[in-house]
Amino acid sequence: MSPILEIQNLTHIYSAGTPFEHTALSGVSFSVERGEFIGIIGHTGSGKSTLMQHLNGLLKPTSGKILLDGADIWSDKKLTRQARFRVGLVFQYPEYQLFEETVYKDIAFGPKNMKLSKEEIDRRVREAAGFVGLTEEQLEVSPFDLSGGQKRRVAIAGVIAMEPEVLILDEPTAGLDPAGRAEILRNIESYRQAKNATIIMVSHSMNDVALLTDRLLVMNGSHLAMDGTPNEVFSHAWDLVDMGLDIPEVTQIFLQLQKLGLKLPPVYTMEQALDALKGGIIGA
């Protein structure tokens, strides 16, 4: 089966030809398989947000291509429009973009723009609300009467209601308490499982990406510095530190133990750490 997304030699230059010229992306290439859960990590200014906005056609490449099911999304206006529905993008703090008088109407905004029937819009709104844990009663209240975490769920539901094949999220748990973070991540995984959707998540939480993702893309200085499984990426923990990135807390602990001369494998989850310790791998 061919990849759902292919990024080919993507370069984006802001304010090209001016004194303010800045290369945000340079020669970035990778592919995304249908159903994958991909994490994107990188320090501030590494190109993460610019990359995300290319994947559904919000930004046009300076050079390179974005292929959706093998078709260049910029080769035809219809394909560009389709990409914006097929690839859903949830910005950081999306609750600030809520504006309708009821939760129902906010979630229905995207499906209405897709020119769907009233019956189909209603089905999608209620299904999306269910994915993010909103009740029937909450659909009829103002989104501004909800808690911060509930507003976040409304905003995510508004994108899910368009039933994107690829769901991109920028720091979806930012600013939430531990319970809220866990709930949002469960909501995202529920959508992925139910729809066989592809998830691409930008996160500063190394613990989250270590536990949830199939692959990690590491951005550094406008380039794709690493592309691999969490195990492959976190086995280069010192390189990540040199890039100014945090690493999972358990990885930090094991690295310090390694510096003391203990023979330990690279780990990035608590389960791996416990297995390593139970296996008696520690030794002088």
# chains A, B, ... in the order shown; residues from 1 in each chain; ligands from 1
call {"tool": "residues_around", "arguments": {"residues": "Gly88 (chain A)", "least_positions_apart": "4", "cutoff": "6 Å", "atoms": "only C-alpha atoms", "output": "MDAnalysis selection string"}}
result
chainID A and resid 159 164 167:168
call {"tool": "residues_around", "arguments": {"residues": "Leu98 (chain A)", "least_positions_apart": "2", "cutoff": "9 Å", "atoms": "only C-alpha atoms", "output": "list in words"}}
result
Pro94, Glu95, Tyr96, Glu100, Val103, Asp106, Pro143, Phe144, Lys151, Val154 and Ala155 of chain A
call {"tool": "closest_residue", "arguments": {"among": "A:Val32, A:Val209, A:Ile13, A:Leu185", "to": "Pro61 (chain A)", "atoms": "only C-alpha atoms"}}
result
A:Ile13
call {"tool": "closest_residue", "arguments": {"among": "A:Phe91, A:Ala24, A:Pro265, A:Ala273", "to": "Ser46 (chain A)", "atoms": "only C-alpha atoms"}}
result
A:Ala24
call {"tool": "residues_around", "arguments": {"residues": "Gly180 (chain A)", "least_positions_apart": "3", "cutoff": "10 Å", "atoms": "only C-alpha atoms", "output": "number ranges by chain"}}
result
A: 148-150, 152-153, 173-177, 183-186
call {"tool": "closest_residue", "arguments": {"among": "A:Pro266, A:Gly228, A:Pro172, A:Pro111", "to": "Val202 (chain A)", "atoms": "only C-alpha atoms"}}
result
A:Pro172
call {"tool": "residues_around", "arguments": {"residues": "region 235-252 of chain A", "least_positions_apart": "4", "cutoff": "8 Å", "atoms": "only C-alpha atoms", "output": "PyMOL selection string"}}
result
chain A and resi 42-43+204-207+210+220+231+256+266-270+273
call {"tool": "atom_distance", "arguments": {"atom1": "CA of Leu67 (chain A)", "atom2": "CA of Leu5 (chain A)"}}
result
5.6 Å
call {"tool": "atom_distance", "arguments": {"atom1": "CA of His22 (chain A)", "atom2": "CA of Leu59 (chain A)"}}
result
14.9 Å
call {"tool": "select_by_dssp", "arguments": {"residues": "region 113-154 of chain A", "states": "helix (DSSP H, G or I)", "output": "list in words"}}
result
Asn113, Lys118, Glu119, Glu120, Ile121, Asp122, Arg123, Arg124, Val125, Arg126, Glu127, Ala128, Ala129, Gly130, Phe131, Glu137, Gln138, Leu139, Glu140, Pro143, Phe144, Asp145, Gly148, Gly149, Gln150, Lys151, Arg152, Arg153 and Val154 of chain A
call {"tool": "decode", "arguments": {"residues": "region 135-149 of chain A", "atoms": "all heavy atoms", "output": "compact mmCIF listing (two decimals), in the first residue's frame"}}
result
# COMPACT_ATOMS: atom_id res chain seq x y z
N THR A 135 -20.99 15.35 26.56
CA THR A 135 -22.33 14.78 26.73
C THR A 135 -23.34 15.47 25.82
O THR A 135 -23.09 16.56 25.28
CB THR A 135 -22.80 14.95 28.18
OG1 THR A 135 -22.97 16.35 28.47
CG2 THR A 135 -21.78 14.35 29.16
N GLU A 136 -24.50 14.86 25.66
CA GLU A 136 -25.58 15.45 24.88
C GLU A 136 -25.97 16.81 25.45
O GLU A 136 -26.26 17.75 24.71
CB GLU A 136 -26.79 14.51 24.88
CG GLU A 136 -26.60 13.22 24.08
CD GLU A 136 -26.70 13.45 22.58
OE1 GLU A 136 -27.42 14.38 22.17
OE2 GLU A 136 -26.06 12.70 21.82
N GLU A 137 -26.00 16.91 26.78
CA GLU A 137 -26.38 18.17 27.42
C GLU A 137 -25.38 19.28 27.10
O GLU A 137 -25.76 20.44 26.89
CB GLU A 137 -26.48 17.99 28.94
CG GLU A 137 -27.62 17.10 29.41
CD GLU A 137 -27.37 15.60 29.17
OE1 GLU A 137 -26.18 15.23 28.96
OE2 GLU A 137 -28.35 14.84 29.15
N GLN A 138 -24.11 18.92 27.06
CA GLN A 138 -23.08 19.94 26.79
C GLN A 138 -23.16 20.48 25.36
O GLN A 138 -22.69 21.59 25.10
CB GLN A 138 -21.69 19.36 27.06
CG GLN A 138 -21.40 19.18 28.54
CD GLN A 138 -20.13 18.41 28.79
OE1 GLN A 138 -19.76 17.50 28.05
NE2 GLN A 138 -19.43 18.76 29.88
N LEU A 139 -23.74 19.73 24.45
CA LEU A 139 -23.86 20.20 23.07
C LEU A 139 -24.72 21.45 22.97
O LEU A 139 -24.57 22.26 22.03
CB LEU A 139 -24.45 19.11 22.17
CG LEU A 139 -23.56 17.91 21.87
CD1 LEU A 139 -24.32 16.87 21.05
CD2 LEU A 139 -22.30 18.34 21.12
N GLU A 140 -25.62 21.64 23.92
CA GLU A 140 -26.57 22.75 23.84
C GLU A 140 -26.14 23.98 24.65
O GLU A 140 -26.83 24.99 24.63
CB GLU A 140 -27.95 22.29 24.32
CG GLU A 140 -28.50 21.10 23.55
CD GLU A 140 -28.48 21.30 22.04
OE1 GLU A 140 -28.77 22.43 21.59
OE2 GLU A 140 -28.15 20.34 21.30
N VAL A 141 -25.02 23.90 25.33
CA VAL A 141 -24.57 25.05 26.12
C VAL A 141 -23.56 25.87 25.32
O VAL A 141 -23.04 25.44 24.29
CB VAL A 141 -23.94 24.61 27.46
CG1 VAL A 141 -24.92 23.74 28.25
CG2 VAL A 141 -22.62 23.88 27.23
N SER A 142 -23.27 27.07 25.80
CA SER A 142 -22.24 27.90 25.17
C SER A 142 -20.87 27.30 25.47
O SER A 142 -20.59 26.91 26.60
CB SER A 142 -22.30 29.32 25.73
OG SER A 142 -21.13 30.04 25.35
N PRO A 143 -19.98 27.25 24.47
CA PRO A 143 -18.64 26.72 24.74
C PRO A 143 -17.88 27.56 25.76
O PRO A 143 -16.98 27.06 26.43
CB PRO A 143 -17.96 26.77 23.37
CG PRO A 143 -18.75 27.73 22.56
CD PRO A 143 -20.16 27.64 23.06
N PHE A 144 -18.29 28.82 25.92
CA PHE A 144 -17.58 29.71 26.84
C PHE A 144 -17.97 29.46 28.30
O PHE A 144 -17.39 30.04 29.21
CB PHE A 144 -17.84 31.16 26.44
CG PHE A 144 -17.47 31.43 25.01
CD1 PHE A 144 -18.45 31.60 24.05
CD2 PHE A 144 -16.14 31.45 24.61
CE1 PHE A 144 -18.11 31.82 22.71
CE2 PHE A 144 -15.80 31.67 23.29
CZ PHE A 144 -16.78 31.85 22.34
N ASP A 145 -18.98 28.60 28.50
CA ASP A 145 -19.37 28.22 29.86
C ASP A 145 -18.65 26.95 30.33
O ASP A 145 -18.87 26.51 31.46
CB ASP A 145 -20.88 27.99 29.94
CG ASP A 145 -21.67 29.28 29.79
OD1 ASP A 145 -21.10 30.36 30.07
OD2 ASP A 145 -22.84 29.22 29.36
N LEU A 146 -17.82 26.38 29.49
CA LEU A 146 -17.13 25.14 29.82
C LEU A 146 -15.76 25.41 30.44
O LEU A 146 -15.23 26.52 30.35
CB LEU A 146 -16.95 24.30 28.55
CG LEU A 146 -18.22 23.90 27.79
CD1 LEU A 146 -17.85 23.11 26.55
CD2 LEU A 146 -19.15 23.07 28.68
N SER A 147 -15.20 24.38 31.04
CA SER A 147 -13.85 24.48 31.59
C SER A 147 -12.83 24.52 30.45
O SER A 147 -13.15 24.23 29.29
CB SER A 147 -13.55 23.29 32.49
OG SER A 147 -13.45 22.10 31.71
N GLY A 148 -11.58 24.86 30.78
CA GLY A 148 -10.54 24.91 29.77
C GLY A 148 -10.34 23.59 29.04
O GLY A 148 -10.23 23.55 27.81
N GLY A 149 -10.35 22.50 29.81
CA GLY A 149 -10.18 21.18 29.18
C GLY A 149 -11.35 20.81 28.30
O GLY A 149 -11.17 20.20 27.24
